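Student: Sharing model_38.tsv, TSV, C-alpha atoms and all ligand atoms:
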chain	number	residue	atom	x	y	z
K	15	MET	CA	-35.57	-2.29	0.45
K	16	GLY	CA	-34.66	1.26	1.30
K	17	ARG	CA	-32.38	2.38	4.04
K	18	HIS	CA	-35.30	2.47	6.45
K	19	GLY	CA	-36.38	-1.06	5.65
K	20	PRO	CA	-37.14	-3.69	8.23
K	21	ALA	CA	-33.64	-5.15	8.10
K	22	ARG	CA	-32.46	-2.09	9.88
K	23	ARG	CA	-31.10	-2.83	13.30
K	24	GLY	CA	-31.68	-0.85	16.43
K	25	PHE	CA	-34.70	1.22	15.57
K	26	GLY	CA	-37.95	-0.13	16.81
K	27	ARG	CA	-36.49	-2.34	19.47
K	28	PRO	CA	-38.49	-2.15	22.68
K	29	VAL	CA	-37.30	0.40	25.13
K	30	THR	CA	-37.99	-0.20	28.78
K	31	PRO	CA	-39.81	2.77	30.18
K	32	ARG	CA	-37.73	4.06	33.05
K	33	ARG	CA	-39.54	7.25	33.70
K	34	LEU	CA	-41.63	7.51	36.82
K	35	GLY	CA	-44.53	9.87	36.08
K	36	ALA	CA	-45.97	10.39	32.68
K	37	ARG	CA	-45.75	13.88	31.35
K	38	ALA	CA	-46.64	14.81	27.84
K	39	ALA	CA	-43.81	14.66	25.37
K	40	GLY	CA	-42.47	18.02	24.41
K	41	VAL	CA	-42.50	19.57	27.85
K	42	GLU	CA	-39.47	21.63	28.64
K	43	ASP	CA	-37.17	18.95	29.91
K	44	ASP	CA	-34.74	21.57	31.11
K	45	ASP	CA	-36.96	21.91	34.15
K	46	PHE	CA	-35.99	18.44	35.29
K	47	ASP	CA	-32.54	18.79	36.65
K	48	GLU	CA	-32.45	15.31	38.10
K	49	PHE	CA	-33.33	13.86	34.76
K	50	ASP	CA	-30.32	11.64	34.36
K	51	ARG	CA	-28.46	10.96	37.50
K	52	ALA	CA	-25.08	9.44	36.72
K	53	SER	CA	-25.56	6.17	38.54
K	54	GLY	CA	-28.24	3.95	39.86
K	55	TYR	CA	-31.97	4.16	40.10
K	56	SER	CA	-32.19	2.73	43.58
K	57	ARG	CA	-33.67	5.75	45.28
K	58	PRO	CA	-37.23	6.66	44.47
K	59	ARG	CA	-37.44	9.84	42.50
K	60	THR	CA	-38.74	12.91	44.15
K	61	LYS	CA	-39.47	14.67	40.89
K	62	THR	CA	-41.82	13.73	38.16
K	63	ARG	CA	-39.99	13.18	34.95
K	64	PRO	CA	-41.24	13.56	31.43
K	65	ASP	CA	-42.25	10.55	29.39
K	66	TYR	CA	-40.45	10.54	26.07
K	67	SER	CA	-41.50	7.09	24.98
K	68	ALA	CA	-43.59	8.48	22.13
K	69	THR	CA	-41.06	10.99	20.83
K	70	PRO	CA	-39.22	10.46	17.53
K	71	GLN	CA	-36.28	8.15	17.61
K	72	GLY	CA	-33.10	8.48	15.62
K	73	ARG	CA	-29.43	7.66	15.35
K	74	VAL	CA	-26.58	10.10	15.76
K	75	LEU	CA	-24.53	10.17	12.57
K	76	GLY	CA	-22.17	13.02	13.32
K	77	VAL	CA	-21.24	15.67	15.83
K	78	ASP	CA	-19.82	19.08	15.13
K	79	ARG	CA	-19.33	21.63	17.90
K	80	GLY	CA	-22.28	20.53	19.95
K	81	ARG	CA	-24.59	20.07	16.97
K	82	PHE	CA	-25.68	16.54	16.22
K	83	ASP	CA	-26.85	15.14	12.90
K	84	VAL	CA	-29.52	12.61	13.70
K	85	GLU	CA	-30.97	10.17	11.19
K	86	LEU	CA	-34.65	9.65	11.92
K	87	ALA	CA	-36.14	6.19	12.21
K	88	GLN	CA	-39.23	7.55	10.46
K	89	PRO	CA	-38.45	10.26	7.89
K	90	ALA	CA	-40.12	13.59	8.69
K	91	ALA	CA	-41.48	16.34	6.47
K	92	GLY	CA	-38.10	17.99	6.07
K	93	GLY	CA	-36.17	14.81	5.29
K	94	ASP	CA	-34.65	11.85	7.05
K	95	THR	CA	-32.04	13.68	9.10
K	96	VAL	CA	-32.41	16.47	11.62
K	97	ARG	CA	-30.10	18.82	13.46
K	98	ALA	CA	-30.23	18.57	17.24
K	99	ILE	CA	-28.60	19.79	20.39
K	100	LYS	CA	-28.29	17.94	23.65
K	101	ALA	CA	-31.01	18.82	26.14
K	102	ARG	CA	-29.53	20.53	29.15
K	103	ALA	CA	-31.19	17.96	31.37
K	104	LEU	CA	-28.85	15.27	30.02
K	105	GLY	CA	-26.13	17.07	31.93
K	106	ARG	CA	-22.71	15.60	31.39
K	107	LYS	CA	-24.00	12.40	29.87
K	108	SER	CA	-22.22	11.91	26.59
K	109	VAL	CA	-23.99	11.67	23.26
K	110	VAL	CA	-21.77	10.07	20.65
K	111	VAL	CA	-21.89	8.92	17.05
K	112	GLY	CA	-23.89	5.71	16.84
K	113	ASP	CA	-26.15	6.53	19.76
K	114	PHE	CA	-29.84	5.79	19.41
K	115	VAL	CA	-31.70	8.77	20.84
K	116	ARG	CA	-35.13	10.25	21.40
K	117	LEU	CA	-35.89	13.74	20.22
K	118	ALA	CA	-38.11	16.54	21.44
K	119	GLY	CA	-38.59	19.99	20.03
K	120	ASP	CA	-38.67	20.58	16.29
K	121	ALA	CA	-37.71	17.25	14.74
K	122	SER	CA	-39.16	18.13	11.36
K	123	GLY	CA	-35.78	18.49	9.72
K	124	SER	CA	-37.02	21.62	7.95
K	125	PRO	CA	-34.41	24.26	7.11
K	126	GLY	CA	-33.35	26.07	10.26
K	127	SER	CA	-35.09	23.62	12.59
K	128	LEU	CA	-33.42	22.33	15.71
K	129	ALA	CA	-34.44	19.35	17.80
K	130	ARG	CA	-33.33	18.40	21.30
K	131	ILE	CA	-31.85	15.05	22.27
K	132	VAL	CA	-33.73	14.19	25.45
K	133	GLU	CA	-32.77	10.57	25.93
K	134	VAL	CA	-29.92	8.28	24.98
K	135	LEU	CA	-31.17	4.71	24.64
K	136	PRO	CA	-29.21	1.94	26.36
K	137	ARG	CA	-25.99	1.18	24.51
K	138	THR	CA	-24.98	-2.28	23.39
K	139	SER	CA	-21.32	-1.29	23.14
K	140	LEU	CA	-19.10	1.72	23.58
K	141	LEU	CA	-15.67	2.40	22.17
K	142	ARG	CA	-13.60	5.00	23.95
K	143	ARG	CA	-10.81	7.00	22.52
K	144	SER	CA	-7.62	7.69	24.37
K	145	ALA	CA	-5.13	10.27	23.22
K	146	ASP	CA	-2.18	8.12	24.21
K	147	ASP	CA	-1.34	5.53	26.79
K	148	ALA	CA	-0.20	8.11	29.31
K	149	ASP	CA	-3.51	9.91	29.12
K	150	PRO	CA	-5.86	8.43	31.70
K	151	LYS	CA	-8.81	10.26	30.24
K	152	GLU	CA	-10.80	8.17	27.81
K	153	ARG	CA	-13.52	9.88	25.92
K	154	PRO	CA	-16.46	7.94	24.56
K	155	LEU	CA	-16.26	7.94	20.78
K	156	VAL	CA	-18.80	5.62	19.18
K	157	ALA	CA	-21.69	3.58	20.53
K	158	ASN	CA	-23.72	0.56	19.45
K	159	VAL	CA	-21.02	-0.87	17.25
K	160	ASP	CA	-21.12	-4.50	16.15
K	161	GLN	CA	-17.81	-4.71	14.35
K	162	LEU	CA	-14.45	-3.03	14.40
K	163	MET	CA	-12.89	-3.22	10.96
K	164	ILE	CA	-9.17	-2.85	11.35
K	165	VAL	CA	-7.96	-1.44	8.05
K	166	VAL	CA	-4.31	-1.99	7.21
K	167	ALA	CA	-2.51	-1.47	3.93
K	168	ALA	CA	-0.47	-4.32	2.50
K	169	ALA	CA	2.10	-1.56	1.90
K	170	ASP	CA	2.32	2.25	2.06
K	171	PRO	CA	2.04	2.61	4.99
K	172	THR	CA	3.67	-0.56	6.25
K	173	PRO	CA	1.31	-2.53	8.48
K	174	ARG	CA	2.00	-2.35	12.19
K	175	ILE	CA	1.31	-5.60	13.95
K	176	GLY	CA	1.33	-3.95	17.35
K	177	MET	CA	-1.47	-1.60	16.40
K	178	ILE	CA	-3.56	-4.44	15.01
K	179	ASP	CA	-3.11	-6.35	18.25
K	180	ARG	CA	-4.15	-3.41	20.37
K	181	LEU	CA	-7.23	-2.86	18.29
K	182	ILE	CA	-8.19	-6.51	18.58
K	183	VAL	CA	-8.01	-6.21	22.33
K	184	ALA	CA	-9.99	-2.97	22.34
K	185	ALA	CA	-12.68	-4.59	20.22
K	186	SER	CA	-12.83	-7.69	22.37
K	187	VAL	CA	-13.19	-5.86	25.66
K	188	ALA	CA	-15.82	-3.55	24.18
K	189	GLY	CA	-17.86	-6.54	23.06
K	190	VAL	CA	-17.27	-5.71	19.41
K	191	ARG	CA	-16.23	-8.26	16.80
K	192	PRO	CA	-12.86	-7.48	15.23
K	193	VAL	CA	-12.38	-8.00	11.50
K	194	ILE	CA	-9.35	-7.15	9.41
K	195	LEU	CA	-9.32	-5.61	5.96
K	196	VAL	CA	-6.03	-5.50	4.08
K	197	THR	CA	-6.08	-2.75	1.43
K	198	LYS	CA	-3.73	-1.81	-1.42
K	199	THR	CA	-3.13	-5.40	-2.46
K	200	ASP	CA	-1.98	-3.99	-5.78
K	201	LEU	CA	1.18	-2.91	-3.96
K	202	ALA	CA	1.98	-6.06	-1.98
K	203	GLU	CA	0.69	-9.48	-1.04
K	204	PRO	CA	-1.56	-9.55	2.01
K	205	GLY	CA	-0.41	-13.05	2.86
K	206	GLU	CA	1.67	-12.39	5.94
K	207	ILE	CA	-0.99	-10.43	7.79
K	208	ALA	CA	-3.70	-12.81	6.74
K	209	ALA	CA	-1.70	-15.75	8.05
K	210	ALA	CA	-0.94	-14.09	11.36
K	211	TYR	CA	-4.57	-13.31	12.15
K	212	ALA	CA	-6.69	-15.85	10.36
K	213	ASP	CA	-5.37	-18.31	12.94
K	214	LEU	CA	-6.99	-16.23	15.67
K	215	GLY	CA	-10.36	-16.85	14.13
K	216	ILE	CA	-10.65	-13.24	13.00
K	217	PRO	CA	-12.10	-12.72	9.52
K	218	VAL	CA	-9.47	-11.29	7.18
K	219	LEU	CA	-10.47	-9.76	3.84
K	220	ALA	CA	-8.26	-8.20	1.22
K	221	THR	CA	-9.06	-5.54	-1.33
K	222	ARG	CA	-7.62	-2.94	-3.63
K	223	ARG	CA	-9.01	0.19	-5.22
K	224	GLY	CA	-11.41	-0.82	-7.97
K	225	ALA	CA	-11.88	-4.37	-6.73
K	226	GLY	CA	-15.34	-5.92	-6.38
K	227	LEU	CA	-17.00	-4.90	-3.13
K	228	GLU	CA	-19.33	-7.84	-2.61
K	229	PRO	CA	-17.28	-9.70	0.06
K	230	ILE	CA	-16.90	-6.49	2.05
K	231	GLU	CA	-20.56	-5.58	1.64
K	232	ALA	CA	-21.53	-9.04	2.85
K	233	LEU	CA	-19.48	-8.51	5.99
K	234	LEU	CA	-21.05	-5.10	6.62
K	235	ARG	CA	-24.65	-6.04	5.90
K	236	GLY	CA	-27.05	-5.55	8.78
K	237	ARG	CA	-24.31	-4.32	11.11
K	238	THR	CA	-22.70	-1.18	12.38
K	239	THR	CA	-19.01	-1.26	11.58
K	240	VAL	CA	-16.34	1.15	12.65
K	241	LEU	CA	-13.36	1.51	10.34
K	242	VAL	CA	-10.12	2.18	12.14
K	243	GLY	CA	-6.64	2.33	10.76
K	244	HIS	CA	-3.65	4.48	10.20
K	245	SER	CA	-4.01	7.55	8.02
K	246	GLY	CA	-3.46	6.74	4.38
K	247	VAL	CA	-4.50	3.09	4.46
K	248	GLY	CA	-7.49	3.80	2.23
K	249	LYS	CA	-10.48	4.04	4.58
K	250	SER	CA	-12.03	7.03	2.85
K	251	THR	CA	-11.37	5.54	-0.56
K	252	LEU	CA	-13.26	2.44	0.55
K	253	ILE	CA	-16.16	4.40	2.03
K	254	ASN	CA	-16.52	6.41	-1.17
K	255	ALA	CA	-16.76	3.17	-3.11
K	256	LEU	CA	-19.30	1.71	-0.68
K	257	VAL	CA	-21.50	4.76	-0.12
K	258	PRO	CA	-22.62	6.65	-3.20
K	259	GLY	CA	-22.44	10.34	-2.46
K	260	ALA	CA	-20.27	9.96	0.64
K	261	ARG	CA	-17.56	12.18	-0.86
K	262	ARG	CA	-15.07	11.59	1.92
K	263	SER	CA	-11.90	13.40	1.08
K	264	THR	CA	-8.94	11.18	0.31
K	265	GLY	CA	-5.26	11.67	-0.13
K	266	HIS	CA	-2.71	13.12	2.17
K	267	VAL	CA	-3.82	13.38	5.74
K	268	ASN	CA	-1.67	14.92	8.41
K	269	ASP	CA	-0.41	12.02	10.44
K	270	VAL	CA	-0.18	13.93	13.68
K	271	THR	CA	-3.51	15.67	13.82
K	272	GLY	CA	-5.42	13.31	11.57
K	273	LYS	CA	-6.74	16.40	9.89
K	274	GLY	CA	-6.61	17.03	6.21
K	275	ARG	CA	-8.47	19.25	3.85
K	276	HIS	CA	-12.20	18.77	4.44
K	277	THR	CA	-11.34	16.02	6.86
K	278	SER	CA	-13.09	16.19	10.20
K	279	SER	CA	-11.29	14.63	13.11
K	280	SER	CA	-14.48	13.31	14.66
K	281	ALA	CA	-16.24	10.10	13.81
K	282	ILE	CA	-18.97	10.10	11.21
K	283	ALA	CA	-21.53	7.41	10.45
K	284	LEU	CA	-22.81	6.74	6.97
K	285	ALA	CA	-25.90	4.66	6.25
K	286	LEU	CA	-25.49	1.92	3.68
K	287	GLY	CA	-28.53	0.87	1.72
K	288	THR	CA	-28.89	-2.41	3.55
K	289	GLY	CA	-29.69	-1.61	7.17
K	290	SER	CA	-25.99	-1.14	7.77
K	291	TRP	CA	-23.83	1.71	8.88
K	292	VAL	CA	-20.13	2.35	8.44
K	293	ILE	CA	-18.37	4.77	10.71
K	294	ASP	CA	-15.19	6.53	9.63
K	295	THR	CA	-12.86	7.64	12.38
K	296	PRO	CA	-10.30	10.04	10.96
K	297	GLY	CA	-7.46	10.73	13.32
K	298	VAL	CA	-8.30	7.93	15.73
K	299	ARG	CA	-5.14	6.01	16.47
K	300	SER	CA	-6.24	3.81	19.29
K	301	PHE	CA	-9.02	2.99	21.65
K	302	GLY	CA	-8.72	3.13	25.39
K	303	LEU	CA	-7.62	0.00	27.18
K	304	ALA	CA	-7.63	1.30	30.74
K	305	GLY	CA	-8.53	-1.37	33.22
K	306	VAL	CA	-8.24	-4.28	30.80
K	307	SER	CA	-6.92	-7.42	32.45
K	308	SER	CA	-5.06	-10.28	30.82
K	309	ASP	CA	-7.99	-12.48	31.87
K	310	ALA	CA	-10.31	-10.37	29.74
K	311	ILE	CA	-8.00	-10.82	26.78
K	312	VAL	CA	-7.78	-14.57	27.19
K	313	ALA	CA	-11.54	-14.72	27.59
K	314	ALA	CA	-11.87	-13.15	24.16
K	315	PHE	CA	-10.64	-16.44	22.69
K	316	PRO	CA	-12.84	-19.20	24.12
K	317	ASP	CA	-10.72	-22.16	23.02
K	318	ILE	CA	-7.59	-20.62	24.52
K	319	ALA	CA	-9.48	-19.74	27.69
K	320	ASP	CA	-10.44	-23.38	27.96
K	321	ILE	CA	-6.81	-24.52	27.82
K	322	ALA	CA	-5.68	-21.74	30.18
K	323	ARG	CA	-7.85	-23.18	32.94
K	324	ASP	CA	-4.99	-25.68	33.47
K	325	CYS	CA	-2.48	-22.84	34.03
K	326	PRO	CA	-1.14	-22.09	37.51
K	327	ARG	CA	-3.20	-19.45	39.30
K	328	GLY	CA	-2.22	-15.97	38.12
K	329	CYS	CA	-0.30	-17.28	35.10
K	330	PRO	CA	0.62	-14.32	32.85
K	331	HIS	CA	0.70	-16.68	29.81
K	332	LEU	CA	3.74	-14.81	28.50
K	333	THR	CA	6.80	-16.47	26.99
K	334	GLY	CA	8.68	-18.31	29.72
K	335	ALA	CA	5.78	-18.29	32.20
K	336	PRO	CA	6.36	-21.37	34.38
K	337	GLU	CA	4.04	-24.27	33.55
K	338	CYS	CA	1.86	-22.20	31.25
K	339	ALA	CA	-0.64	-24.70	29.87
K	340	LEU	CA	-0.62	-22.92	26.53
K	341	ASP	CA	2.96	-24.11	25.92
K	342	ALA	CA	1.87	-27.65	26.65
K	343	ALA	CA	-1.07	-27.28	24.27
K	344	VAL	CA	1.27	-26.19	21.50
K	345	ALA	CA	3.64	-29.06	22.28
K	346	ASP	CA	0.93	-31.68	21.92
K	347	GLY	CA	-0.72	-30.06	18.92
K	348	ARG	CA	-3.91	-28.73	20.53
K	349	LEU	CA	-2.96	-25.11	19.80
K	350	ALA	CA	-1.28	-23.76	16.67
K	351	PRO	CA	2.05	-22.08	17.45
K	352	ALA	CA	1.00	-19.01	15.45
K	353	ARG	CA	-2.04	-18.59	17.66
K	354	LEU	CA	0.00	-18.65	20.84
K	355	ALA	CA	2.43	-16.18	19.31
K	356	SER	CA	-0.48	-13.90	18.43
K	357	LEU	CA	-1.96	-14.12	21.87
K	358	ARG	CA	1.37	-13.34	23.43
K	359	ARG	CA	1.79	-10.34	21.17
K	360	ILE	CA	-1.56	-9.06	22.38
K	361	LEU	CA	-0.79	-9.71	26.04
K	362	GLY	CA	2.62	-8.13	25.54
K	363	ALA	CA	1.14	-5.08	23.83
K	364	LEU	CA	-1.17	-4.65	26.77
K	365	THR	CA	1.37	-5.05	29.52
K	366	ALA	CA	3.72	-2.74	27.67
K	367	SER	CA	1.13	-0.01	27.49
K	368	LEU	CA	-0.43	-0.11	30.90
K	369	ASP	CA	0.73	0.29	34.43
K	370	TRP	CA	-0.48	-2.61	36.49
W	401	LIG	N1	-2.09	1.87	-4.62
W	401	LIG	C1	-3.24	2.05	-3.98
W	401	LIG	N2	-3.52	3.24	-3.42
W	401	LIG	C2	-4.68	3.40	-2.77
W	401	LIG	C3	-5.61	2.34	-2.65
W	401	LIG	N3	-6.67	2.78	-1.90
W	401	LIG	C4	-6.39	4.08	-1.60
W	401	LIG	N4	-5.21	4.46	-2.10
W	401	LIG	C5	-4.56	5.78	-1.99
W	401	LIG	O1	-4.04	5.93	-0.67
W	401	LIG	C6	-4.13	7.28	-0.25
W	401	LIG	C7	-4.87	7.37	1.09
W	401	LIG	O2	-6.22	6.96	0.91
W	401	LIG	P1	-7.37	7.47	1.87
W	401	LIG	O3	-8.62	6.79	1.40
W	401	LIG	O4	-7.40	8.94	1.98
W	401	LIG	O5	-6.89	6.85	3.26
W	401	LIG	P2	-7.44	7.11	4.74
W	401	LIG	O6	-6.52	8.11	5.37
W	401	LIG	O7	-7.35	5.79	5.44
W	401	LIG	O8	-8.84	7.60	4.64
W	401	LIG	C8	-4.86	8.02	-1.37
W	401	LIG	O9	-3.91	8.68	-2.14
W	401	LIG	C9	-5.54	6.93	-2.14
W	401	LIG	O10	-5.74	7.26	-3.47
W	401	LIG	C10	-5.30	1.07	-3.28
W	401	LIG	O11	-6.03	0.09	-3.23
W	401	LIG	N5	-4.10	0.99	-3.91
W	402	MG	MG	-9.69	9.31	5.50
W	403	ZN	ZN	-0.67	-19.66	31.10
Before anything else, please render the file you have as structure tokens.
Tutor:
Amino acid sequence: MGRHGPARRGFGRPVTPRRLGARAAGVEDDDFDEFDRASGYSRPRTKTRPDYSATPQGRVLGVDRGRFDVELAQPAAGGDTVRAIKARALGRKSVVVGDFVRLAGDASGSPGSLARIVEVLPRTSLLRRSADDADPKERPLVANVDQLMIVVAAADPTPRIGMIDRLIVAASVAGVRPVILVTKTDLAEPGEIAAAYADLGIPVLATRRGAGLEPIEALLRGRTTVLVGHSGVGKSTLINALVPGARRSTGHVNDVTGKGRHTSSSAIALALGTGSWVIDTPGVRSFGLAGVSSDAIVAAFPDIADIARDCPRGCPHLTGAPECALDAAVADGRLAPARLASLRRILGALTASLDW
């Protein structure tokens, strides 16, 4: 089955028509300046809006200076990807890698052609990027992600537990499943990391350059997976092994800017041959956690949430919290000590990085 086979997720799902008026596709949408009001559809529209329900659909694979590479659901004459710009009528609405979009204009993909993105289909998830914890501005980075693959090296660079914890929280609050991949197992044993996280119910895989890819491919199949991890952990090496022709540059990457030779600092999605996409995120160090509550973190772990219902109201669940039911659960064997330690690391990472 090719990359446009039926296993492919996202394309072809029904889209609720939310246009009032039916205008022929291909009209100049720029005339409709109320096209996408930022919030709410409670007021009746005063303007007729174009109907794009029959226009080609695609997925944004990459963005470079306002130009989007869009993979078409149905390949066109000029190929299966087209260049596109955002229609002015979308205003400040973001279009990010992973978005499913509708296209107007020249979506033939022929040399020199340029389509317009006229609609962003409803997102199932959205990961935002934040420059650092002090930066309140969080820019949307990737949409419609099923899995966040946290890539850490067994050694070189040394894994950072705190970063893994933050990413688990970011994934959980974004509605994205976290998974962990330990690379470079030729340099060190992955045991410690695996032990710390397997107890949280998070899948942990290990690999090394040249190792068989089947377990990783099985985890990626039929899903959209974002790879995130420190520079140098081997993300691009892995993608090159998974995606023939990907030719992601590997090797030294500047740790501060995330930029290396031929290395773009924006996310890029690559289609796997199995209705799956992997998204590389060079230079991304963390995802935004603004507004995340400790309740949301606890809720990410249903069995722990169940126990925490016996906690005093407003219990922070941190070490030393009076009458925290999680301590009692560890004492009587209902909760593994390593799992409570992990949870507390996550809660601690959050409280340390946010002003409440
Ligand atoms: N020893 C060892 N080195 C690896 C392995 N995978 C990648 N590398 C090396 O680690 C460096 C960084 O890899 P790269 O894929 O560019 O990492 P990225 O920054 O996460 O994309 C490169 O020099 C790779 O050759 C591995 O399994 N074992
Ligand atoms: Mg890389
Ligand atoms: Zn508690």
Student: From the options K:His331, K:Arg106, K:Arg191, K:Lys249, which residue's atoms come nearest to ligand LIG 401 (chain W), counting all atoms listed in the file?
Tutor: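 The shortest atom-to-atom distance to ligand LIG 401 (chain W) comes from K:Lys249.
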Student: Hey, could you make a per-residue contact list for chain K against ligand MG 402 (chain W) with 6 Å as the cut-off, showing the nearest pair of atoms and its distance in Å to one decimal, counting all atoms listed in the file, sorted by chain and number, as a tab-separated table?
Tutor:
residue	atom	partner	partner_atom	distance
K:Lys249	CA	W:MG402	MG	5.4
K:Ser250	CA	W:MG402	MG	4.2
K:Thr264	CA	W:MG402	MG	5.6
K:Pro296	CA	W:MG402	MG	5.5
Student: Within 8 Å of ligand LIG 401 (chain W), which residues of chain K come that close, and what is the closest atom pair and distance in Å for each? Count all atoms listed in the file and give it as CSV.
Tutor:
residue,atom,partner,partner_atom,distance
K:Val165,CA,W:LIG401,O7,7.7
K:Asp170,CA,W:LIG401,O1,7.8
K:Thr197,CA,W:LIG401,O11,5.5
K:Lys198,CA,W:LIG401,O11,3.5
K:Thr199,CA,W:LIG401,O11,6.3
K:Asp200,CA,W:LIG401,N5,5.7
K:Leu201,CA,W:LIG401,N1,5.8
K:Thr221,CA,W:LIG401,O11,6.7
K:Arg222,CA,W:LIG401,O11,3.4
K:Arg223,CA,W:LIG401,O11,3.6
K:Gly224,CA,W:LIG401,O11,7.2
K:Gly243,CA,W:LIG401,O7,6.4
K:His244,CA,W:LIG401,O7,6.2
K:Ser245,CA,W:LIG401,O6,3.7
K:Gly246,CA,W:LIG401,O6,3.5
K:Val247,CA,W:LIG401,O7,4.0
K:Gly248,CA,W:LIG401,O5,3.3
K:Lys249,CA,W:LIG401,O7,3.7
K:Ser250,CA,W:LIG401,O8,3.7
K:Thr251,CA,W:LIG401,O3,3.6
K:Leu252,CA,W:LIG401,O3,6.4
K:Ile253,CA,W:LIG401,O3,7.9
K:Arg262,CA,W:LIG401,O8,7.9
K:Ser263,CA,W:LIG401,O4,6.4
K:Thr264,CA,W:LIG401,O4,3.2
K:Gly265,CA,W:LIG401,O9,3.8
K:His266,CA,W:LIG401,C7,6.2
K:Val267,CA,W:LIG401,O6,5.9
K:Pro296,CA,W:LIG401,O8,6.9
Student: Between K:Ser307, K:Ala350, K:Pro70, K:Gly362, which one has atoms that come closest to Thr333 in chain K, using only C-alpha atoms?
Tutor: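 The closest residue to Thr333 in chain K is K:Gly362.
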Student: Can you tell me how far CA of Pro125 in chain K sits from CA of Gly287 in chain K, in Å to one decimal?
Tutor: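 It comes out at 24.7 Å.
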Student: Taking all atoms listed in the file into account, which residues are within 10 Å of ligand ZN 403 (chain W), as a list in words?
Tutor: Val312, Ile318, Ala319, Ile321, Ala322, Arg323, Asp324, Cys325, Pro326, Arg327, Gly328, Cys329, Pro330, His331, Leu332, Thr333, Gly334, Ala335, Pro336, Glu337, Cys338, Ala339, Leu340, Asp341 and Ala342 of chain K
Student: Given only C-alpha atoms as the basis, pick out the residue of K:Ala232, K:Asp113, K:Ala209, K:Asp160 nearest to Arg353 in chain K.
Tutor: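 Looking only at the distances to Arg353 in chain K, the closest residue turns out to be K:Ala209.
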Student: Give me, please, the distance in Å between CA of Gly123 in chain K and CA of Pro136 in chain K, quoted to one decimal.
Tutor: 24.4 Å
Student: For a quick check of understanding, using all atoms listed in the file, which of K:Gly259, K:Pro192, K:Pro204, K:Gly112 has the smallest distance to Val166 in chain K?
Tutor: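 Counting all atoms listed in the file, the residue closest to Val166 in chain K is K:Pro204.
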Student: Rounded to one decimal place, report the CA of Leu155 in chain K-CA of Gly72 in chain K distance in Å.
Tutor: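 Separating CA of Leu155 in chain K from CA of Gly72 in chain K is a distance of 17.6 Å.
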Student: Here's a test: counting all atoms listed in the file, identify every protein, DNA and RNA residue with an atom at most 10 Å from (-39.0, 10.1, 10.6) in the file's coordinate frame, and state them as a short mmCIF file (atom, residue, chain, number, x, y, z; two decimals) with C-alpha atoms, in the coordinates of the input.
Tutor:
data_model
loop_
_atom_site.label_atom_id
_atom_site.label_comp_id
_atom_site.auth_asym_id
_atom_site.auth_seq_id
_atom_site.Cartn_x
_atom_site.Cartn_y
_atom_site.Cartn_z
CA HIS K 18 -35.30 2.47 6.45
CA PRO K 70 -39.22 10.46 17.53
CA GLN K 71 -36.28 8.15 17.61
CA GLY K 72 -33.10 8.48 15.62
CA GLU K 85 -30.97 10.17 11.19
CA LEU K 86 -34.65 9.65 11.92
CA ALA K 87 -36.14 6.19 12.21
CA GLN K 88 -39.23 7.55 10.46
CA PRO K 89 -38.45 10.26 7.89
CA ALA K 90 -40.12 13.59 8.69
CA ALA K 91 -41.48 16.34 6.47
CA GLY K 92 -38.10 17.99 6.07
CA GLY K 93 -36.17 14.81 5.29
CA ASP K 94 -34.65 11.85 7.05
CA THR K 95 -32.04 13.68 9.10
CA VAL K 96 -32.41 16.47 11.62
CA ALA K 121 -37.71 17.25 14.74
CA SER K 122 -39.16 18.13 11.36
CA GLY K 123 -35.78 18.49 9.72
#
Student: Given only C-alpha atoms as the basis, pick out the residue of K:Val110, K:Ile131, K:Leu75, K:Val115 nearest to Ala98 in chain K.
Tutor: K:Ile131
Student: Need to verify the contact set: Val190 in chain K, 10 Å, only C-alpha atoms, exclusion of same-chain residues closer than 6 positions in sequence. Can you return it as a list in words?
Tutor: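 Non-adjacent residues within range: Thr138, Ser139, Leu140, Leu141, Asn158, Val159, Asp160, Gln161, Leu162, Met163, Ile182, Val183, Ala184, Thr238, Thr239 and Val240 of chain K.
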